[in-house]
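Notes for the one structure printed next.
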Amino acid sequence: MKLFGSSGIRGLANIEVTVDLALKVGMALGISKKTAVIGRDPRVAGEMIEHAIISGLMSAGCDVVRVGLVTTPTLAYATRNYDCGVMVTASHNPAQDVGIKLWNPDGMAFDSNQQEEIESIIEKEDFANVDWNMIGELSSYENAVRDHIDMIRSHSTGAPLRVIVDCGGGAGGTITPFLLREMGCEVITLNSQLDGHFPARNPEPKDSNLGMLKKAMTAFEADLGIAHDGDADRMMAVDENGVFVSGDEMLAIFARYECKDNPKVVVPVDTSMIVDDALPGSTIIHTRVGDVYVAEEMKKQKADFGGEPSGSWIFPRISYCPDGIYAAALLVDIVKEKKLSALREELPQYPTLRTTVACDNSRKDEVMKAISLKLATMGEVSSIDGIRIDMEDGWVLVRPSGTEAKIRITAEARKNVEELHAKVESIVKECLL
């Protein structure tokens with residue numbers, strides 16, 4: 001698709017994601033939806049894009065309810081009472097980006113068919129503006145955060161743990177610290193001011209961006225560290241020793257806690273062998289990378305749990321939206337029984353390398369075709385998403401990013417992972433010349 005990537009529409013504010021595009025998305029969406037709820041994260045361009053979408057929706061006769069500056073999971077939960085939800089966010093992307101993500105009442109993002117329908121209307125400019133006396137109404141609802149907290153509290157017990165929450169300047173500052181305090185935690189916040197410039201750190205909650213949190217863990221002798229991205233659909237963790245817990249480890253920890261007998265777990269193709277080996281007897285189903293694809297397959301397979309190593313955790317008993325706030329509350333309940341470091345030590349460990357190589361979006365197709373031809377002789381080929389090559393002692397995945405101008409390389413092996421990764425990275429760079 002031209003507009004939608006692996007997680008909604010995203011791009012440079014005022015260049016790739018413009019007021020004109022946002023207006024058209026609203027106009028297209030309003031054709032089939034009579035009610036919509038809309039929220040935004042603190043990005044600088046967020047309010048501008050929000051107003052444009054609202055105008056488009058109303059021009060098509062759709063009634064719109066604003067919930068203000070909230071997390072994506074909060075907006076997705078609020079959508080249960082409306083025909084659809086709209087979140088203005090670029091999630092973990094840098095500050096200069098903005099985006100639009102669309103939600104169904106069951107908490108699942110718009111699937112591929114729904115996205116294609118919106119794109120088709122926009123491409124054909126097949127809009128349907130209503131008469132002046134049928135224009136949609138605009139109203140506000142101020143209790144969306146409270147509703148979300150109450151839902152999570154009904155599923156959690158809490159514990160008197162000392163927890164450090166790094167909101168990264170994102171929307172998580174509106175909810176996670178308050179929720180955990182209600183659960184009995186002593187909460188220390190980092191970067192909890194709402195600031196769409198993200199001055200303290202990059203919004204993506206990966207290891208290299210969480211130096212402040214890791215240092216704070218030992219300085220404050222905390223039990224658990226929580227980190228969010230810009231809209232808090234993602235949640236990553238740091239253990240009591242200040243050690244970052246990888247996304248694959250988090251997948252295995254949550255899956256072990258959530259799943260019982262012969263579970264079905266849905267994960268993307270870039271997931272480690274750790275998850276397979278930590279859940280003997282389970283059915284591991286692979287999808288394309290992107291929480292919408294994981295959620296689609298979870299719903300289809302009636303899976304018990306699913307998620308992505310990037311920090312998206314989906315708990316179908318509450319929603320098909322990745323919920324970093326619910327995940328933080330659940331992790332408190334898990335860690336009160338056993339330290340996070342101990343849970344990590346129970347898991348098998350395989351060396352994994354993940355890197356990216358810059359690649360113009362316009363060149364991705366031709367470059368991936370060239371890469372595919374060169375990798376095909378290395379092992380068993382899967383093309384669910386990008387090119388995955390499975391070998392006896394490991395695997396490698398090369399795929400174009402769905403949200404950024406990059407090609408992602410992931411390699412995992414029981415031995416010599418550096419050699420495998422270097423070989424594949426060299427092939428990728430050669431194909432880019």
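Lettering and numbering for the structure tokens are positional, with chains as A, B, ... in the shown order, residues counted from 1 in each chain, and ligands counted from 1 in the shown order.
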query: Can you tell me, as a PyMOL selection string, what residues are no more than 12 Å from Met134 in chain A when counting only C-alpha atoms, ignoring any on the same chain fewer than 3 positions away?
result: chain A and resi 34+57-63+128-131+137
message: Taking only range 164-243 of chain A into account, list the residues labelled alpha helix (DSSP H) by DSSP (computed from the backbone), as a list in words.
response: Thr176, Pro177, Phe178, Leu179, Leu180, Arg181, Glu182, Gly211, Met212, Leu213, Lys214, Lys215, Ala216, Met217, Thr218 and Ala219 of chain A
query: Within 8 Å of Cys431 in chain A, counting only C-alpha atoms, which residues qualify if same-chain residues fewer than 4 places away don't, as a list in words?
result: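 The filter keeps Val367, Ala370, Ile371 and Ile427 of chain A.
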message: Set the distance at 10 Å and use only C-alpha atoms: which residues neighbour Ile284 in chain A once local chain neighbours fewer than 3 positions away are removed? I'd like the list as a VMD selection string.
response: chain A and resid 263 to 268 275 to 276 279 to 281 303 306
task: Check the smallest atom-to-atom distance from each of A:Gly307, A:Met212, A:Asp323, A:Val335 to Val163 in chain A using only C-alpha atoms, then report the winner.
output: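 Smallest separation from Val163 in chain A among the options: A:Val335.
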task: Just the residues within 10 Å of Phe110 in chain A, please, counting only C-alpha atoms, with nothing from its chain fewer than 2 positions along; format it as a PyMOL selection string.
output: chain A and resi 7-8+84-85+101-104+107-108+112-116+118+292-293+296
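Shortest atom-to-atom contact with Asp147 in chain A among A:Ala76, A:Cys167, A:Leu373, A:Leu213: A:Ala76, counting only C-alpha atoms.
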